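Step one of this worksheet: look at the structure below.
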Amino acid sequence: MYDLKALRENLDQIRAVLGRRGNDVPWDDLRKLSDERRMHTMQVEQLRQELNKGSEEVARLRRAKEPADEAMAAMKRLGDRIKNVEGSLRQVEETLNNLALRIPNLPHASVPVGSDASENVEVRRWGTIPSFTNPPKPHWEIGENLGILDFDRAARIAGARFSVMTGAGARLERALINFMLDTHTTHHGYREVVPPLMVNRASMTGTGQLPKFEDDLFRLKDEDYFLIPTAEVPVTNLHREEILSGDSLPLRYTAYTPCFRREAGSYGKDTRGLIRLHQFNKVELVSFTTPDRSYEELERLTGHAESILQSLMLPYRVITLCTGDMGFSAAKTYDIEVWLPSQQQYREISSCSNFEAFQARRANIKYRPTTGKKEAKTDFVHTLNGSGLAVGRTLVAILENFQQPDGSVEIPSVLQPYMGGMGKITKDTP
């Protein structure tokens, strides 16, 4: 979201910086409405000045005990004109605000310029890619052979892009959730949150899902509630319409939630397995910090997400998304991609983004700098978030990277205490 005055003064610059990222923004309408807003604002200010002069004239006439009826009638006419112009101004500002909500965030200067994912830039790699005697099996085949994944029953229960996990598969999913939460709270200093799984329209607007991406969301039929696509939405909105103390920043939260996405536009992509579902589990990391520390915080948060993969001994790489592949609200994004042997490629398992003040301005989240003075001027916080991690995709990576020739799957050592000491999943595992 952009300040309307700053938007009018910098419209050409914003459009140039966004480039193809702003292709679907109605720039001509924005310019016309910005000009109309300025015209109406100036007109209101001029009329109010005339009203003030009229008030002074009425006061003078009354002091002089002269007739003031005509002057008072003129003031009433001015008052009516002001109401009409203010009504027009409100309508223009409402339309302008709705259009401004559809303008993407400006990319940080360090973000590589590019048109699509092919121009993303690799930052680093970690871990050793496993070698196999025979071609590695995909996770859905491994899971079905072990009796821990059932896609046919899920389809009967709900439909396509759903899954059922049973036995050791369900326990492994739960173990991953608990391991991730324990790591982020105990070792990384995040405060755990259990948020609502349904949110209102204002919350979705605050984090940038609305109005642009309404078709990607699941909405309740009879209530204006949305199922959350990620815990980022409710957790970021914890502080909507608040002024935080500078002493309290940074604030760091983590939350496990199911996530719900329509996956609009993904027809034909990842139709098998757990990679792209309508419902999946995720552990999220969210930070609120001051503008001068937000890029340091981005590195820190990304490192926390990476540490989960390192503990699990899963090979991965980190890439910086280019301008053409970056999300709507982000100023800079690192994607963490885990190695999947069956696909012989890295696949996204976490996106870690700095939104700068973009979400905070939409959700009106401010802080008061620590100066020792209550009257210190407030400013918008910077918000960040990242997956720490997507649980289902982590399970996919474990099944594929730790598959054994006999069809079993070894369990990473850090998860074994969460699995009751179980070191391997076999067909006979209950």
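If you're wondering about the labels, chains in the structure tokens are A, B, ... by order shown, residues count from 1 in each chain, ligands from 1 in order shown.
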
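The list of residues with at least one atom within 7 Å of Arg240 (chain A), based on only C-alpha atoms and without residues fewer than 6 positions apart in the same chain, reads Ala363, Asn364 and Ile365 of chain A.
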
Export C-alpha atoms of the chosen residues as a compact mmCIF listing (two decimals), in the first residue's frame?
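Result file selection-v3.txt:
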# COMPACT_ATOMS: atom_id res chain seq x y z
CA ALA A 363 -2.36 -2.99 8.46
CA ASN A 364 -1.37 0.27 10.22
CA ILE A 365 1.35 -1.30 12.40

Self-check item: Residues within 9 Å of Thr41 (chain A), only C-alpha atoms, excluding chain neighbours under 6 positions, as a PyMOL selection string
Solution: chain A and resi 85-86+89

Quiz item: Looking at only C-alpha atoms, which of A:His108, A:His239, A:Lys269, A:Arg262 is the one that sits closest to Tyr367 (chain A)?
Solution: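 Checking each candidate against Tyr367 (chain A), we get A:His239 as the closest.
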
Practice problem: Assign secondary structure with DSSP using the backbone only, and return the residues of region 218-278 of chain A in strand (DSSP E or B) as an MDAnalysis selection string. | Solution: chainID A and resid 219 225:227 243:245 251:260

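For the choices A:Ser131, A:Ser88, A:Thr426, A:Thr394, the atom-to-atom distance to Leu309 (chain A) is smallest for A:Thr394 when using only C-alpha atoms.
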
So that I can check the secondary structure, give me every residue of region 205-348 of chain A assigned alpha helix (DSSP H) by backbone DSSP, as a JSON list (two decimals) with N, CA and C atoms, in the first residue's frame.
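Output below, filename part_24.json:
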[["chain", "number", "residue", "atom", "x", "y", "z"],
["A", 205, "THR", "N", -6.39, -8.30, 3.67],
["A", 205, "THR", "CA", -5.94, -7.09, 2.99],
["A", 205, "THR", "C", -4.63, -6.59, 3.59],
["A", 206, "GLY", "N", -4.51, -6.69, 4.91],
["A", 206, "GLY", "CA", -3.32, -6.20, 5.59],
["A", 206, "GLY", "C", -2.04, -6.86, 5.14],
["A", 207, "THR", "N", -2.08, -8.15, 4.84],
["A", 207, "THR", "CA", -0.87, -8.85, 4.43],
["A", 207, "THR", "C", -0.71, -8.96, 2.92],
["A", 232, "GLU", "N", 1.20, -16.68, 8.22],
["A", 232, "GLU", "CA", 1.64, -15.29, 8.07],
["A", 232, "GLU", "C", 0.49, -14.32, 8.27],
["A", 233, "VAL", "N", -0.70, -14.68, 7.77],
["A", 233, "VAL", "CA", -1.83, -13.75, 7.80],
["A", 233, "VAL", "C", -2.29, -13.45, 9.23],
["A", 234, "PRO", "N", -2.70, -14.46, 10.01],
["A", 234, "PRO", "CA", -3.15, -14.11, 11.37],
["A", 234, "PRO", "C", -2.04, -13.62, 12.27],
["A", 235, "VAL", "N", -0.83, -14.15, 12.12],
["A", 235, "VAL", "CA", 0.25, -13.74, 13.03],
["A", 235, "VAL", "C", 0.70, -12.31, 12.75],
["A", 236, "THR", "N", 0.81, -11.92, 11.48],
["A", 236, "THR", "CA", 1.16, -10.53, 11.18],
["A", 236, "THR", "C", 0.09, -9.59, 11.70],
["A", 294, "SER", "N", 15.97, -4.47, 9.32],
["A", 294, "SER", "CA", 15.14, -5.51, 8.70],
["A", 294, "SER", "C", 15.92, -6.43, 7.77],
["A", 295, "TYR", "N", 16.94, -5.93, 7.10],
["A", 295, "TYR", "CA", 17.69, -6.82, 6.21],
["A", 295, "TYR", "C", 18.65, -7.72, 6.97],
["A", 296, "GLU", "N", 19.12, -7.25, 8.11],
["A", 296, "GLU", "CA", 19.85, -8.13, 9.02],
["A", 296, "GLU", "C", 18.91, -9.21, 9.54],
["A", 297, "GLU", "N", 17.68, -8.84, 9.83],
["A", 297, "GLU", "CA", 16.68, -9.80, 10.31],
["A", 297, "GLU", "C", 16.33, -10.82, 9.23],
["A", 298, "LEU", "N", 16.31, -10.40, 7.96],
["A", 298, "LEU", "CA", 16.03, -11.33, 6.87],
["A", 298, "LEU", "C", 17.08, -12.43, 6.81],
["A", 299, "GLU", "N", 18.34, -12.06, 6.96],
["A", 299, "GLU", "CA", 19.41, -13.07, 6.96],
["A", 299, "GLU", "C", 19.27, -14.01, 8.15],
["A", 300, "ARG", "N", 18.91, -13.45, 9.28],
["A", 300, "ARG", "CA", 18.76, -14.25, 10.50],
["A", 300, "ARG", "C", 17.61, -15.24, 10.35],
["A", 301, "LEU", "N", 16.46, -14.76, 9.88],
["A", 301, "LEU", "CA", 15.29, -15.62, 9.73],
["A", 301, "LEU", "C", 15.55, -16.72, 8.70],
["A", 302, "THR", "N", 16.19, -16.37, 7.59],
["A", 302, "THR", "CA", 16.52, -17.37, 6.58],
["A", 302, "THR", "C", 17.44, -18.44, 7.15],
["A", 303, "GLY", "N", 18.40, -18.02, 7.95],
["A", 303, "GLY", "CA", 19.31, -18.97, 8.59],
["A", 303, "GLY", "C", 18.58, -19.92, 9.52],
["A", 304, "HIS", "N", 17.53, -19.44, 10.20],
["A", 304, "HIS", "CA", 16.77, -20.31, 11.08],
["A", 304, "HIS", "C", 16.01, -21.37, 10.30],
["A", 305, "ALA", "N", 15.47, -20.99, 9.16],
["A", 305, "ALA", "CA", 14.80, -21.98, 8.31],
["A", 305, "ALA", "C", 15.81, -23.00, 7.78],
["A", 306, "GLU", "N", 16.97, -22.52, 7.38],
["A", 306, "GLU", "CA", 18.02, -23.42, 6.88],
["A", 306, "GLU", "C", 18.46, -24.42, 7.94],
["A", 307, "SER", "N", 18.51, -23.97, 9.20],
["A", 307, "SER", "CA", 19.02, -24.83, 10.27],
["A", 307, "SER", "C", 18.18, -26.09, 10.43],
["A", 308, "ILE", "N", 16.88, -26.02, 10.11],
["A", 308, "ILE", "CA", 16.03, -27.21, 10.20],
["A", 308, "ILE", "C", 16.50, -28.25, 9.18],
["A", 309, "LEU", "N", 16.76, -27.83, 7.96],
["A", 309, "LEU", "CA", 17.23, -28.76, 6.94],
["A", 309, "LEU", "C", 18.60, -29.31, 7.28],
["A", 310, "GLN", "N", 19.46, -28.48, 7.85],
["A", 310, "GLN", "CA", 20.79, -28.94, 8.25],
["A", 310, "GLN", "C", 20.68, -30.00, 9.34],
["A", 311, "SER", "N", 19.79, -29.78, 10.32],
["A", 311, "SER", "CA", 19.61, -30.77, 11.38],
["A", 311, "SER", "C", 19.08, -32.09, 10.84]]

Practice problem: Quick one: everything within 7 Å of region 16-22 of chain A, counting only C-alpha atoms, minus sequence neighbours fewer than 5 positions away in the same chain. Send it as a list in words. | Solution: Ile103, Pro104, Leu106, Thr323 and Gly324 of chain A

Just N, CA and C atoms for this one: save the residues we selected as a PDB file, in the first residue's frame.
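Just written: again15.pdb:
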ATOM      1  N   ILE A 103      -1.125  -2.408  -6.329  1.00  0.00           N
ATOM      2  CA  ILE A 103       0.232  -2.114  -6.789  1.00  0.00           C
ATOM      3  C   ILE A 103       1.219  -2.945  -5.976  1.00  0.00           C
ATOM      4  N   PRO A 104       2.079  -3.728  -6.610  1.00  0.00           N
ATOM      5  CA  PRO A 104       3.054  -4.538  -5.866  1.00  0.00           C
ATOM      6  C   PRO A 104       4.061  -3.672  -5.110  1.00  0.00           C
ATOM      7  N   LEU A 106       7.724  -2.317  -4.025  1.00  0.00           N
ATOM      8  CA  LEU A 106       8.929  -1.999  -4.793  1.00  0.00           C
ATOM      9  C   LEU A 106      10.061  -2.944  -4.394  1.00  0.00           C
ATOM     10  N   THR A 323      13.174  -9.906  -9.814  1.00  0.00           N
ATOM     11  CA  THR A 323      11.999  -9.044  -9.742  1.00  0.00           C
ATOM     12  C   THR A 323      10.766  -9.676 -10.380  1.00  0.00           C
ATOM     13  N   GLY A 324      10.952 -10.450 -11.435  1.00  0.00           N
ATOM     14  CA  GLY A 324       9.816 -11.039 -12.136  1.00  0.00           C
ATOM     15  C   GLY A 324       9.246 -12.270 -11.483  1.00  0.00           C
TER      16      GLY A 324
END
